[in-house]
file structure.cif (mmCIF, C-alpha atoms)
data_input
loop_
_atom_site.group_PDB
_atom_site.id
_atom_site.type_symbol
_atom_site.label_atom_id
_atom_site.label_comp_id
_atom_site.auth_asym_id
_atom_site.auth_seq_id
_atom_site.Cartn_x
_atom_site.Cartn_y
_atom_site.Cartn_z
ATOM 1 C CA MET W 25 62.785 27.517 46.344
ATOM 2 C CA LEU W 26 60.633 27.019 49.420
ATOM 3 C CA THR W 27 62.008 24.872 52.205
ATOM 4 C CA GLN W 28 60.110 22.884 54.777
ATOM 5 C CA PRO W 29 59.036 25.051 57.730
ATOM 6 C CA ASP W 30 60.840 24.651 61.025
ATOM 7 C CA ARG W 31 58.220 22.491 62.696
ATOM 8 C CA PRO W 32 57.588 18.765 63.068
ATOM 9 C CA ILE W 33 56.552 17.200 59.776
ATOM 10 C CA GLU W 34 52.820 16.518 59.970
ATOM 11 C CA SER W 35 51.556 13.120 59.016
ATOM 12 C CA LYS W 36 50.498 12.693 55.417
ATOM 13 C CA LEU W 37 47.027 11.652 56.528
ATOM 14 C CA LEU W 38 46.561 14.851 58.504
ATOM 15 C CA ALA W 39 47.942 16.863 55.583
ATOM 16 C CA VAL W 40 45.418 15.257 53.226
ATOM 17 C CA PHE W 41 42.670 15.993 55.768
ATOM 18 C CA ARG W 42 43.694 19.654 55.700
ATOM 19 C CA LEU W 43 44.033 19.646 51.907
ATOM 20 C CA LEU W 44 40.397 18.568 51.672
ATOM 21 C CA ARG W 45 39.527 21.397 54.153
ATOM 22 C CA TRP W 46 37.746 18.922 56.396
ATOM 23 C CA ASP W 47 39.285 20.812 59.307
ATOM 24 C CA LYS W 48 37.189 23.832 58.246
ATOM 25 C CA PRO W 49 33.587 22.618 58.011
ATOM 26 C CA ALA W 50 32.090 26.062 57.328
ATOM 27 C CA GLY W 51 33.222 25.981 53.712
ATOM 28 C CA ARG W 52 31.756 22.509 53.205
ATOM 29 C CA LEU W 53 28.429 23.362 54.825
ATOM 30 C CA ILE W 54 27.994 26.595 52.921
ATOM 31 C CA LEU W 55 28.044 24.626 49.643
ATOM 32 C CA MET W 56 25.790 21.896 51.011
ATOM 33 C CA LEU W 57 23.110 24.377 52.086
ATOM 34 C CA PRO W 58 22.001 25.572 48.613
ATOM 35 C CA ALA W 59 21.768 21.924 47.527
ATOM 36 C CA LEU W 60 19.579 21.150 50.541
ATOM 37 C CA TRP W 61 17.467 24.260 49.916
ATOM 38 C CA ALA W 62 16.810 23.042 46.392
ATOM 39 C CA VAL W 63 15.983 19.427 47.194
ATOM 40 C CA VAL W 64 13.635 20.443 50.029
ATOM 41 C CA LEU W 65 11.711 22.889 47.858
ATOM 42 C CA ALA W 66 11.627 20.650 44.790
ATOM 43 C CA ALA W 67 10.304 17.743 46.894
ATOM 44 C CA HIS W 68 7.767 19.955 48.744
ATOM 45 C CA GLY W 69 9.487 19.551 52.092
ATOM 46 C CA LYS W 70 9.760 15.754 52.011
ATOM 47 C CA PRO W 71 12.772 14.699 49.916
ATOM 48 C CA PRO W 72 13.629 10.963 49.829
ATOM 49 C CA ALA W 73 16.270 10.121 52.428
ATOM 50 C CA PRO W 74 18.546 8.279 49.934
ATOM 51 C CA LEU W 75 18.565 11.323 47.646
ATOM 52 C CA VAL W 76 19.422 13.619 50.544
ATOM 53 C CA GLY W 77 22.287 11.263 51.437
ATOM 54 C CA VAL W 78 23.608 11.329 47.879
ATOM 55 C CA ILE W 79 23.426 15.128 47.805
ATOM 56 C CA VAL W 80 25.230 15.501 51.140
ATOM 57 C CA LEU W 81 28.010 13.105 50.116
ATOM 58 C CA GLY W 82 28.156 14.615 46.646
ATOM 59 C CA THR W 83 28.664 18.145 47.964
ATOM 60 C CA LEU W 84 31.398 16.897 50.297
ATOM 61 C CA ALA W 85 33.201 15.147 47.435
ATOM 62 C CA THR W 86 32.759 18.066 45.035
ATOM 63 C CA SER W 87 33.855 20.736 47.483
ATOM 64 C CA ALA W 88 36.863 18.604 48.420
ATOM 65 C CA ALA W 89 37.834 18.288 44.766
ATOM 66 C CA GLY W 90 37.387 22.015 44.287
ATOM 67 C CA CYS W 91 39.638 22.815 47.248
ATOM 68 C CA VAL W 92 42.393 20.556 45.953
ATOM 69 C CA ILE W 93 42.164 21.979 42.417
ATOM 70 C CA ASN W 94 42.321 25.488 43.898
ATOM 71 C CA ASP W 95 45.441 24.643 45.898
ATOM 72 C CA LEU W 96 47.120 22.994 42.909
ATOM 73 C CA TRP W 97 46.652 26.106 40.784
ATOM 74 C CA ASP W 98 47.682 28.420 43.654
ATOM 75 C CA ARG W 99 50.548 26.401 45.148
ATOM 76 C CA ASP W 100 53.043 29.152 44.215
ATOM 77 C CA ILE W 101 50.738 32.030 45.222
ATOM 78 C CA ASP W 102 49.495 30.698 48.549
ATOM 79 C CA PRO W 103 52.943 30.880 50.247
ATOM 80 C CA GLU W 104 52.855 34.660 49.693
ATOM 81 C CA VAL W 105 49.487 35.137 51.426
ATOM 82 C CA GLU W 106 49.277 35.168 55.211
ATOM 83 C CA ARG W 107 45.992 33.248 55.373
ATOM 84 C CA THR W 108 47.028 30.465 52.985
ATOM 85 C CA ARG W 109 50.765 29.950 53.403
ATOM 86 C CA SER W 110 50.309 26.940 55.707
ATOM 87 C CA ARG W 111 48.181 24.956 53.246
ATOM 88 C CA PRO W 112 49.728 21.532 52.566
ATOM 89 C CA LEU W 113 50.679 22.154 48.929
ATOM 90 C CA ALA W 114 51.885 25.688 49.655
ATOM 91 C CA SER W 115 54.062 24.537 52.558
ATOM 92 C CA ARG W 116 55.222 21.484 50.553
ATOM 93 C CA ALA W 117 53.856 19.134 53.203
ATOM 94 C CA LEU W 118 52.336 17.282 50.231
ATOM 95 C CA THR W 119 53.631 16.876 46.693
ATOM 96 C CA VAL W 120 51.858 17.964 43.534
ATOM 97 C CA GLN W 121 51.489 14.292 42.580
ATOM 98 C CA THR W 122 49.668 13.581 45.838
ATOM 99 C CA GLY W 123 47.428 16.583 45.283
ATOM 100 C CA ILE W 124 46.500 15.398 41.787
ATOM 101 C CA GLY W 125 45.785 11.921 43.134
ATOM 102 C CA VAL W 126 43.522 13.267 45.877
ATOM 103 C CA ALA W 127 41.677 15.458 43.355
ATOM 104 C CA LEU W 128 41.085 12.499 41.036
ATOM 105 C CA ILE W 129 39.787 10.350 43.895
ATOM 106 C CA SER W 130 37.444 13.159 44.991
ATOM 107 C CA PHE W 131 36.105 13.609 41.471
ATOM 108 C CA ALA W 132 35.725 9.823 41.123
ATOM 109 C CA CYS W 133 33.630 9.709 44.315
ATOM 110 C CA ALA W 134 31.456 12.544 43.032
ATOM 111 C CA ALA W 135 31.062 10.810 39.658
ATOM 112 C CA PHE W 136 30.064 7.541 41.325
ATOM 113 C CA LEU W 137 27.341 9.341 43.262
ATOM 114 C CA ALA W 138 26.190 11.204 40.138
ATOM 115 C CA PHE W 139 25.222 7.902 38.513
ATOM 116 C CA TYR W 140 22.459 7.643 41.128
ATOM 117 C CA LEU W 141 20.829 10.753 39.646
ATOM 118 C CA ASN W 142 18.561 11.102 36.626
ATOM 119 C CA PRO W 143 20.062 12.030 33.216
ATOM 120 C CA LEU W 144 19.337 15.767 33.536
ATOM 121 C CA SER W 145 21.027 15.969 36.934
ATOM 122 C CA PHE W 146 23.929 13.821 35.750
ATOM 123 C CA TRP W 147 24.705 16.087 32.806
ATOM 124 C CA LEU W 148 24.409 19.156 35.006
ATOM 125 C CA CYS W 149 27.080 17.527 37.188
ATOM 126 C CA VAL W 150 29.257 17.116 34.098
ATOM 127 C CA ALA W 151 28.679 20.764 33.109
ATOM 128 C CA ALA W 152 29.762 21.928 36.570
ATOM 129 C CA VAL W 153 33.209 20.283 36.372
ATOM 130 C CA PRO W 154 34.858 22.824 33.987
ATOM 131 C CA VAL W 155 33.598 25.696 36.135
ATOM 132 C CA ILE W 156 35.052 24.072 39.263
ATOM 133 C CA ILE W 157 38.395 23.449 37.567
ATOM 134 C CA CYS W 158 38.663 26.907 35.985
ATOM 135 C CA TYR W 159 37.497 29.018 38.942
ATOM 136 C CA PRO W 160 40.981 29.326 40.514
ATOM 137 C CA LEU W 161 42.311 30.633 37.186
ATOM 138 C CA ALA W 162 39.674 33.358 37.031
ATOM 139 C CA LYS W 163 41.433 35.465 39.650
ATOM 140 C CA ARG W 164 44.361 35.838 37.230
ATOM 141 C CA PHE W 165 42.432 37.493 34.391
ATOM 142 C CA PHE W 166 38.779 38.132 35.386
ATOM 143 C CA PRO W 167 38.104 41.214 37.545
ATOM 144 C CA VAL W 168 35.327 39.556 39.604
ATOM 145 C CA PRO W 169 36.344 35.898 40.080
ATOM 146 C CA GLN W 170 33.746 35.522 42.839
ATOM 147 C CA LEU W 171 31.118 35.549 40.083
ATOM 148 C CA VAL W 172 32.639 32.361 38.650
ATOM 149 C CA LEU W 173 32.526 30.785 42.108
ATOM 150 C CA SER W 174 28.914 31.897 42.491
ATOM 151 C CA ILE W 175 27.979 30.199 39.233
ATOM 152 C CA ALA W 176 29.715 27.041 40.434
ATOM 153 C CA TRP W 177 27.717 27.274 43.690
ATOM 154 C CA GLY W 178 24.555 27.733 41.644
ATOM 155 C CA PHE W 179 25.012 24.299 40.085
ATOM 156 C CA ALA W 180 24.191 22.852 43.514
ATOM 157 C CA VAL W 181 20.677 24.244 43.089
ATOM 158 C CA LEU W 182 20.228 23.054 39.512
ATOM 159 C CA ILE W 183 21.551 19.548 40.191
ATOM 160 C CA SER W 184 19.599 18.984 43.399
ATOM 161 C CA TRP W 185 16.337 20.450 42.120
ATOM 162 C CA SER W 186 16.412 18.425 38.919
ATOM 163 C CA ALA W 187 17.305 15.297 40.908
ATOM 164 C CA ALA W 188 14.138 15.691 42.993
ATOM 165 C CA ALA W 189 11.736 17.038 40.352
ATOM 166 C CA ASP W 190 13.267 15.757 37.088
ATOM 167 C CA GLU W 191 12.921 19.257 35.624
ATOM 168 C CA LEU W 192 13.893 22.885 36.131
ATOM 169 C CA GLN W 193 11.105 25.322 36.959
ATOM 170 C CA ILE W 194 10.717 29.081 37.364
ATOM 171 C CA ALA W 195 11.266 28.680 41.111
ATOM 172 C CA THR W 196 14.502 26.821 40.369
ATOM 173 C CA TRP W 197 15.968 29.838 38.613
ATOM 174 C CA LEU W 198 14.734 32.223 41.281
ATOM 175 C CA LEU W 199 16.497 30.108 43.907
ATOM 176 C CA TRP W 200 19.565 29.855 41.655
ATOM 177 C CA GLY W 201 19.679 33.651 41.463
ATOM 178 C CA ALA W 202 19.358 33.905 45.251
ATOM 179 C CA VAL W 203 22.275 31.522 45.717
ATOM 180 C CA VAL W 204 24.429 33.421 43.197
ATOM 181 C CA MET W 205 23.706 36.696 45.021
ATOM 182 C CA TRP W 206 24.304 35.151 48.443
ATOM 183 C CA THR W 207 27.602 33.634 47.313
ATOM 184 C CA MET W 208 28.728 36.940 45.840
ATOM 185 C CA GLY W 209 27.981 38.512 49.211
ATOM 186 C CA PHE W 210 29.693 36.109 51.585
ATOM 187 C CA ASP W 211 32.666 35.451 49.284
ATOM 188 C CA THR W 212 33.275 39.160 48.803
ATOM 189 C CA VAL W 213 33.437 39.378 52.599
ATOM 190 C CA TYR W 214 35.901 36.469 52.575
ATOM 191 C CA ALA W 215 38.028 38.274 49.953
ATOM 192 C CA MET W 216 38.106 41.498 51.947
ATOM 193 C CA SER W 217 40.565 39.976 54.425
ATOM 194 C CA ASP W 218 43.056 39.270 51.596
ATOM 195 C CA ARG W 219 42.941 42.624 49.795
ATOM 196 C CA GLU W 220 46.444 43.757 50.696
ATOM 197 C CA ASP W 221 48.039 40.455 49.674
ATOM 198 C CA ASP W 222 45.974 40.211 46.488
ATOM 199 C CA LEU W 223 46.929 43.733 45.433
ATOM 200 C CA ARG W 224 50.611 42.981 46.045
ATOM 201 C CA LEU W 225 50.385 39.801 43.973
ATOM 202 C CA SER W 226 48.210 41.378 41.235
ATOM 203 C CA VAL W 227 45.419 38.888 41.919
ATOM 204 C CA ASN W 228 41.831 39.935 41.210
ATOM 205 C CA SER W 229 38.907 39.760 43.628
ATOM 206 C CA SER W 230 35.491 41.338 44.013
ATOM 207 C CA ALA W 231 36.757 43.083 47.164
ATOM 208 C CA ILE W 232 39.372 44.867 45.037
ATOM 209 C CA PHE W 233 36.968 45.469 42.146
ATOM 210 C CA PHE W 234 34.438 47.255 44.374
ATOM 211 C CA GLY W 235 37.171 49.014 46.367
ATOM 212 C CA ASP W 236 35.843 51.433 48.964
ATOM 213 C CA ASN W 237 32.316 50.377 48.023
ATOM 214 C CA ALA W 238 32.885 46.702 48.856
ATOM 215 C CA ALA W 239 30.721 46.827 51.993
ATOM 216 C CA ASP W 240 27.880 48.465 50.049
ATOM 217 C CA ALA W 241 28.257 45.823 47.322
ATOM 218 C CA VAL W 242 27.874 43.099 49.953
ATOM 219 C CA GLY W 243 24.769 44.867 51.246
ATOM 220 C CA PHE W 244 23.373 44.972 47.700
ATOM 221 C CA PHE W 245 24.017 41.249 47.217
ATOM 222 C CA PHE W 246 22.294 40.391 50.496
ATOM 223 C CA VAL W 247 19.289 42.547 49.574
ATOM 224 C CA GLY W 248 19.175 40.752 46.230
ATOM 225 C CA THR W 249 19.304 37.418 48.026
ATOM 226 C CA VAL W 250 16.327 38.337 50.201
ATOM 227 C CA GLY W 251 14.379 39.642 47.223
ATOM 228 C CA LEU W 252 14.887 36.486 45.169
ATOM 229 C CA LEU W 253 14.078 34.251 48.137
ATOM 230 C CA VAL W 254 10.856 36.216 48.609
ATOM 231 C CA LEU W 255 9.978 35.691 44.938
ATOM 232 C CA THR W 256 10.759 31.988 45.329
ATOM 233 C CA GLY W 257 8.423 31.768 48.308
ATOM 234 C CA ILE W 258 5.658 33.573 46.444
ATOM 235 C CA ASN W 259 6.060 31.334 43.397
ATOM 236 C CA LEU W 260 5.847 28.190 45.532
ATOM 237 C CA HIS W 261 3.107 29.506 47.848
ATOM 238 C CA LEU W 262 5.161 28.787 50.961
ATOM 239 C CA HIS W 263 3.634 29.163 54.422
ATOM 240 C CA ILE W 264 4.367 31.334 57.453
ATOM 241 C CA GLY W 265 7.419 29.414 58.666
ATOM 242 C CA PHE W 266 9.317 30.405 55.534
ATOM 243 C CA TRP W 267 8.512 34.088 55.937
ATOM 244 C CA ILE W 268 9.598 34.124 59.574
ATOM 245 C CA ALA W 269 12.922 32.553 58.563
ATOM 246 C CA ILE W 270 13.483 35.036 55.717
ATOM 247 C CA PHE W 271 12.795 37.926 58.085
ATOM 248 C CA ALA W 272 15.320 36.492 60.578
ATOM 249 C CA ALA W 273 17.902 36.025 57.811
ATOM 250 C CA ALA W 274 17.356 39.591 56.603
ATOM 251 C CA VAL W 275 17.980 40.875 60.134
ATOM 252 C CA MET W 276 21.223 38.880 60.384
ATOM 253 C CA TRP W 277 22.427 40.072 56.978
ATOM 254 C CA SER W 278 21.595 43.664 57.960
ATOM 255 C CA TYR W 279 23.706 43.262 61.079
ATOM 256 C CA GLN W 280 26.604 41.885 59.031
ATOM 257 C CA TYR W 281 26.360 44.838 56.665
ATOM 258 C CA SER W 282 26.479 47.240 59.605
ATOM 259 C CA GLN W 283 29.632 45.516 60.853
ATOM 260 C CA LEU W 284 31.286 45.850 57.446
ATOM 261 C CA ARG W 285 30.523 49.561 57.353
ATOM 262 C CA LYS W 286 32.723 50.205 60.375
ATOM 263 C CA ALA W 287 36.204 51.638 59.939
ATOM 264 C CA ASP W 288 39.359 49.611 60.649
ATOM 265 C CA ILE W 289 37.725 46.193 60.893
ATOM 266 C CA PRO W 290 40.098 43.558 62.336
ATOM 267 C CA LYS W 291 40.766 40.781 59.812
ATOM 268 C CA PRO W 292 39.239 38.020 61.988
ATOM 269 C CA VAL W 293 35.846 39.766 61.723
ATOM 270 C CA TYR W 294 35.648 38.929 58.010
ATOM 271 C CA GLY W 295 36.065 35.239 58.801
ATOM 272 C CA GLN W 296 33.453 35.484 61.546
ATOM 273 C CA ILE W 297 30.916 37.015 59.155
ATOM 274 C CA PHE W 298 31.650 34.274 56.598
ATOM 275 C CA ARG W 299 31.025 31.575 59.207
ATOM 276 C CA GLN W 300 27.873 33.327 60.427
ATOM 277 C CA ASN W 301 26.434 32.824 56.961
ATOM 278 C CA VAL W 302 26.408 29.079 57.587
ATOM 279 C CA TRP W 303 23.973 29.658 60.440
ATOM 280 C CA VAL W 304 21.943 32.051 58.311
ATOM 281 C CA GLY W 305 21.756 29.321 55.679
ATOM 282 C CA PHE W 306 20.453 26.815 58.222
ATOM 283 C CA VAL W 307 17.804 29.312 59.360
ATOM 284 C CA VAL W 308 16.645 29.638 55.743
ATOM 285 C CA LEU W 309 16.689 25.832 55.349
ATOM 286 C CA ALA W 310 14.518 25.401 58.454
ATOM 287 C CA GLY W 311 12.142 28.014 57.092
ATOM 288 C CA MET W 312 11.877 26.189 53.775
ATOM 289 C CA ILE W 313 11.031 22.926 55.520
ATOM 290 C CA LEU W 314 8.419 24.593 57.710
ATOM 291 C CA GLY W 315 7.123 26.655 54.826
ATOM 292 C CA GLU W 316 6.400 23.507 52.851
ATOM 293 C CA ILE W 317 4.862 21.317 55.534
ATOM 294 C CA VAL W 318 3.291 23.725 58.050
#

call {"tool": "encode", "arguments": {"input": "structure.cif", "output": "structure tokens"}}
result
Amino acid sequence: MLTQPDRPIESKLLAVFRLLRWDKPAGRLILMLPALWAVVLAAHGKPPAPLVGVIVLGTLATSAAGCVINDLWDRDIDPEVERTRSRPLASRALTVQTGIGVALISFACAAFLAFYLNPLSFWLCVAAVPVIICYPLAKRFFPVPQLVLSIAWGFAVLISWSAAADELQIATWLLWGAVVMWTMGFDTVYAMSDREDDLRLSVNSSAIFFGDNAADAVGFFFVGTVGLLVLTGINLHLHIGFWIAIFAAAVMWSYQYSQLRKADIPKPVYGQIFRQNVWVGFVVLAGMILGEIV
């Protein structure tokens, strides 16, 4: 049985803050970005401010719930992994009962916000919940659990687009595909830092599935992301600002791929590349705004 670590007991409030991952904003922003991409494009660059507020708060609540659910499922695995052993449920700083309570509150906040949306968007929110809950289990039996996460990320596009346009269009699915490919790319990078621990614990990941070809797989996913974003731009007849942003994003993804191709990459580099994708996402968002209105 695990015992409390030899350090001062952190306050429960701080532990809950860490459980929600609010101390690591990159993971929250990288879910918010596809939702913002979708609402900007669906609303032709001028989404209603209240809807944008609902989407921002909704992604925060949903990602928080997802983090807690993940930690509840993995509370006996996380202590065995260097990167995750200090998480509040893994270190027993918080009880399982507290974790369940925080998850329910997070889902309740997301549900409250979902009632602001139209029926199509609301039911897409409902459809996303099983995927969010089951994703942490996928690593136990599915060889590429990052695909399940990518599908969960893709719901951000479907929900936000339908909330702004009240329908799903061809461009919606092109953007959905781009987000799935992008998520597969950056989350495979994230998984690469845990390969040794995951192999020891018999936990699946895309980094293990692709093995020595993991860097090339990431490169393929980033190329796919660019290609689908290009098709989205063509379908929507976006202007020059969008194309400049996509070119800049492609350059940044190419640089990341070149970094991954190097031998003996220090583990912190994987985290740096993951966080860099937040900035890439904001570049693409700026391009979508400019591409619609300029």

call {"tool": "resolve_selection", "arguments": {"input": "structure.cif", "expression": "the PyMOL selection byres ((chain W and resi 120) around 12)", "output": "list in words"}}
result
Val40, Leu43, Val92, Ile93, Asp95, Leu96, Trp97, Asp98, Arg99, Asp100, Pro112, Leu113, Ala114, Ser115, Arg116, Ala117, Leu118, Thr119, Gln121, Thr122, Gly123, Ile124, Gly125, Val126 and Ala127 of chain W

call {"tool": "residues_around", "arguments": {"input": "structure.cif", "residues": "region 156-171 of chain W", "least_positions_apart": "6", "cutoff": "8 Å", "atoms": "all atoms listed in the file", "output": "list in words"}}
result
Gly90, Ile93, Asn94, Trp97, Asp98, Val204, Thr207, Met208, Asp211, Thr212, Ser226, Val227, Asn228, Ser229, Ser230 and Phe233 of chain W

call {"tool": "resolve_selection", "arguments": {"input": "structure.cif", "expression": "the PyMOL selection byres ((chain W and resi 55-67) around 9)", "output": "PDB file with C-alpha atoms, in the coordinates of the input"}}
result
ATOM      1  CA  ALA W  50      32.090  26.062  57.328  1.00  0.00           C
ATOM      2  CA  GLY W  51      33.222  25.981  53.712  1.00  0.00           C
ATOM      3  CA  ARG W  52      31.756  22.509  53.205  1.00  0.00           C
ATOM      4  CA  LEU W  53      28.429  23.362  54.825  1.00  0.00           C
ATOM      5  CA  ILE W  54      27.994  26.595  52.921  1.00  0.00           C
ATOM      6  CA  HIS W  68       7.767  19.955  48.744  1.00  0.00           C
ATOM      7  CA  GLY W  69       9.487  19.551  52.092  1.00  0.00           C
ATOM      8  CA  LYS W  70       9.760  15.754  52.011  1.00  0.00           C
ATOM      9  CA  PRO W  71      12.772  14.699  49.916  1.00  0.00           C
ATOM     10  CA  PRO W  72      13.629  10.963  49.829  1.00  0.00           C
ATOM     11  CA  LEU W  75      18.565  11.323  47.646  1.00  0.00           C
ATOM     12  CA  VAL W  76      19.422  13.619  50.544  1.00  0.00           C
ATOM     13  CA  ILE W  79      23.426  15.128  47.805  1.00  0.00           C
ATOM     14  CA  VAL W  80      25.230  15.501  51.140  1.00  0.00           C
ATOM     15  CA  GLY W  82      28.156  14.615  46.646  1.00  0.00           C
ATOM     16  CA  THR W  83      28.664  18.145  47.964  1.00  0.00           C
ATOM     17  CA  LEU W  84      31.398  16.897  50.297  1.00  0.00           C
ATOM     18  CA  SER W  87      33.855  20.736  47.483  1.00  0.00           C
ATOM     19  CA  TRP W 177      27.717  27.274  43.690  1.00  0.00           C
ATOM     20  CA  GLY W 178      24.555  27.733  41.644  1.00  0.00           C
ATOM     21  CA  PHE W 179      25.012  24.299  40.085  1.00  0.00           C
ATOM     22  CA  ALA W 180      24.191  22.852  43.514  1.00  0.00           C
ATOM     23  CA  VAL W 181      20.677  24.244  43.089  1.00  0.00           C
ATOM     24  CA  LEU W 182      20.228  23.054  39.512  1.00  0.00           C
ATOM     25  CA  ILE W 183      21.551  19.548  40.191  1.00  0.00           C
ATOM     26  CA  SER W 184      19.599  18.984  43.399  1.00  0.00           C
ATOM     27  CA  TRP W 185      16.337  20.450  42.120  1.00  0.00           C
ATOM     28  CA  SER W 186      16.412  18.425  38.919  1.00  0.00           C
ATOM     29  CA  ALA W 187      17.305  15.297  40.908  1.00  0.00           C
ATOM     30  CA  ALA W 188      14.138  15.691  42.993  1.00  0.00           C
ATOM     31  CA  ALA W 189      11.736  17.038  40.352  1.00  0.00           C
ATOM     32  CA  ALA W 195      11.266  28.680  41.111  1.00  0.00           C
ATOM     33  CA  THR W 196      14.502  26.821  40.369  1.00  0.00           C
ATOM     34  CA  LEU W 199      16.497  30.108  43.907  1.00  0.00           C
ATOM     35  CA  TRP W 200      19.565  29.855  41.655  1.00  0.00           C
ATOM     36  CA  VAL W 203      22.275  31.522  45.717  1.00  0.00           C
ATOM     37  CA  LEU W 260       5.847  28.190  45.532  1.00  0.00           C
ATOM     38  CA  VAL W 302      26.408  29.079  57.587  1.00  0.00           C
ATOM     39  CA  GLY W 305      21.756  29.321  55.679  1.00  0.00           C
ATOM     40  CA  PHE W 306      20.453  26.815  58.222  1.00  0.00           C
ATOM     41  CA  VAL W 308      16.645  29.638  55.743  1.00  0.00           C
ATOM     42  CA  LEU W 309      16.689  25.832  55.349  1.00  0.00           C
ATOM     43  CA  MET W 312      11.877  26.189  53.775  1.00  0.00           C
ATOM     44  CA  ILE W 313      11.031  22.926  55.520  1.00  0.00           C
ATOM     45  CA  GLU W 316       6.400  23.507  52.851  1.00  0.00           C
TER      46      GLU W 316
END

call {"tool": "closest_residue", "arguments": {"input": "structure.cif", "among": "W:Val307, W:Cys91, W:Leu223, W:Ala287", "to": "Glu104 (chain W)", "atoms": "only C-alpha atoms"}}
result
W:Leu223

call {"tool": "residues_around", "arguments": {"input": "structure.cif", "residues": "Ser282 (chain W)", "least_positions_apart": "3", "cutoff": "10 Å", "atoms": "all atoms listed in the file", "output": "PDB file with C-alpha atoms, in the coordinates of the input"}}
result
ATOM      1  CA  ALA W 239      30.721  46.827  51.993  1.00  0.00           C
ATOM      2  CA  ASP W 240      27.880  48.465  50.049  1.00  0.00           C
ATOM      3  CA  GLY W 243      24.769  44.867  51.246  1.00  0.00           C
ATOM      4  CA  MET W 276      21.223  38.880  60.384  1.00  0.00           C
ATOM      5  CA  TRP W 277      22.427  40.072  56.978  1.00  0.00           C
ATOM      6  CA  SER W 278      21.595  43.664  57.960  1.00  0.00           C
ATOM      7  CA  TYR W 279      23.706  43.262  61.079  1.00  0.00           C
ATOM      8  CA  ARG W 285      30.523  49.561  57.353  1.00  0.00           C
ATOM      9  CA  LYS W 286      32.723  50.205  60.375  1.00  0.00           C
TER      10      LYS W 286
END

call {"tool": "closest_residue", "arguments": {"input": "structure.cif", "among": "W:Ile175, W:Ala202, W:Met216, W:Leu262", "to": "Phe245 (chain W)", "atoms": "only C-alpha atoms"}}
result
W:Ala202

call {"tool": "atom_distance", "arguments": {"input": "structure.cif", "atom1": "CA of Trp267 (chain W)", "atom2": "CA of Gln280 (chain W)"}}
result
19.9 Å

call {"tool": "residues_near_point", "arguments": {"input": "structure.cif", "point": "(3.8, 27.3, 53.5)", "cutoff": "7 Å", "atoms": "only C-alpha atoms", "output": "mmCIF file with C-alpha atoms, keeping the file's coordinate frame"}}
result
data_model
loop_
_atom_site.group_PDB
_atom_site.id
_atom_site.type_symbol
_atom_site.label_atom_id
_atom_site.label_comp_id
_atom_site.auth_asym_id
_atom_site.auth_seq_id
_atom_site.Cartn_x
_atom_site.Cartn_y
_atom_site.Cartn_z
ATOM 1 C CA HIS W 261 3.107 29.506 47.848
ATOM 2 C CA LEU W 262 5.161 28.787 50.961
ATOM 3 C CA HIS W 263 3.634 29.163 54.422
ATOM 4 C CA ILE W 264 4.367 31.334 57.453
ATOM 5 C CA GLY W 265 7.419 29.414 58.666
ATOM 6 C CA PHE W 266 9.317 30.405 55.534
ATOM 7 C CA LEU W 314 8.419 24.593 57.710
ATOM 8 C CA GLY W 315 7.123 26.655 54.826
ATOM 9 C CA GLU W 316 6.400 23.507 52.851
ATOM 10 C CA ILE W 317 4.862 21.317 55.534
ATOM 11 C CA VAL W 318 3.291 23.725 58.050
#

call {"tool": "atom_distance", "arguments": {"input": "structure.cif", "atom1": "CA of Arg109 (chain W)", "atom2": "CA of Met205 (chain W)"}}
result
29.1 Å

call {"tool": "axis_aligned_box", "arguments": {"input": "structure.cif", "around": "region 245-262 of chain W", "padding_each_side": "4 Å", "output": "lines of an AutoDock Vina configuration file"}}
result
center_x = 13.6
center_y = 35.4
center_z = 47.2
size_x = 28.9
size_y = 22.4
size_z = 15.6

call {"tool": "closest_residue", "arguments": {"input": "structure.cif", "among": "W:Ile101, W:Leu144, W:Ile258, W:Ala135", "to": "Leu192 (chain W)", "atoms": "all atoms listed in the file"}}
result
W:Leu144

call {"tool": "residues_around", "arguments": {"input": "structure.cif", "residues": "Pro292 (chain W)", "least_positions_apart": "3", "cutoff": "8 Å", "atoms": "only C-alpha atoms", "output": "PDB file with C-alpha atoms, in the frame of the given file"}}
result
ATOM      1  CA  SER W 217      40.565  39.976  54.425  1.00  0.00           C
ATOM      2  CA  GLY W 295      36.065  35.239  58.801  1.00  0.00           C
ATOM      3  CA  GLN W 296      33.453  35.484  61.546  1.00  0.00           C
TER       4      GLN W 296
END

call {"tool": "closest_residue", "arguments": {"input": "structure.cif", "among": "W:Val242, W:Leu128, W:Ala39, W:Ala73", "to": "Phe298 (chain W)", "atoms": "only C-alpha atoms"}}
result
W:Val242

call {"tool": "closest_residue", "arguments": {"input": "structure.cif", "among": "W:Ile268, W:Val105, W:Ile297, W:Ala132", "to": "Gly209 (chain W)", "atoms": "all atoms listed in the file"}}
result
W:Ile297

call {"tool": "atom_distance", "arguments": {"input": "structure.cif", "atom1": "CA of Asn301 (chain W)", "atom2": "CA of Val275 (chain W)"}}
result
12.1 Å
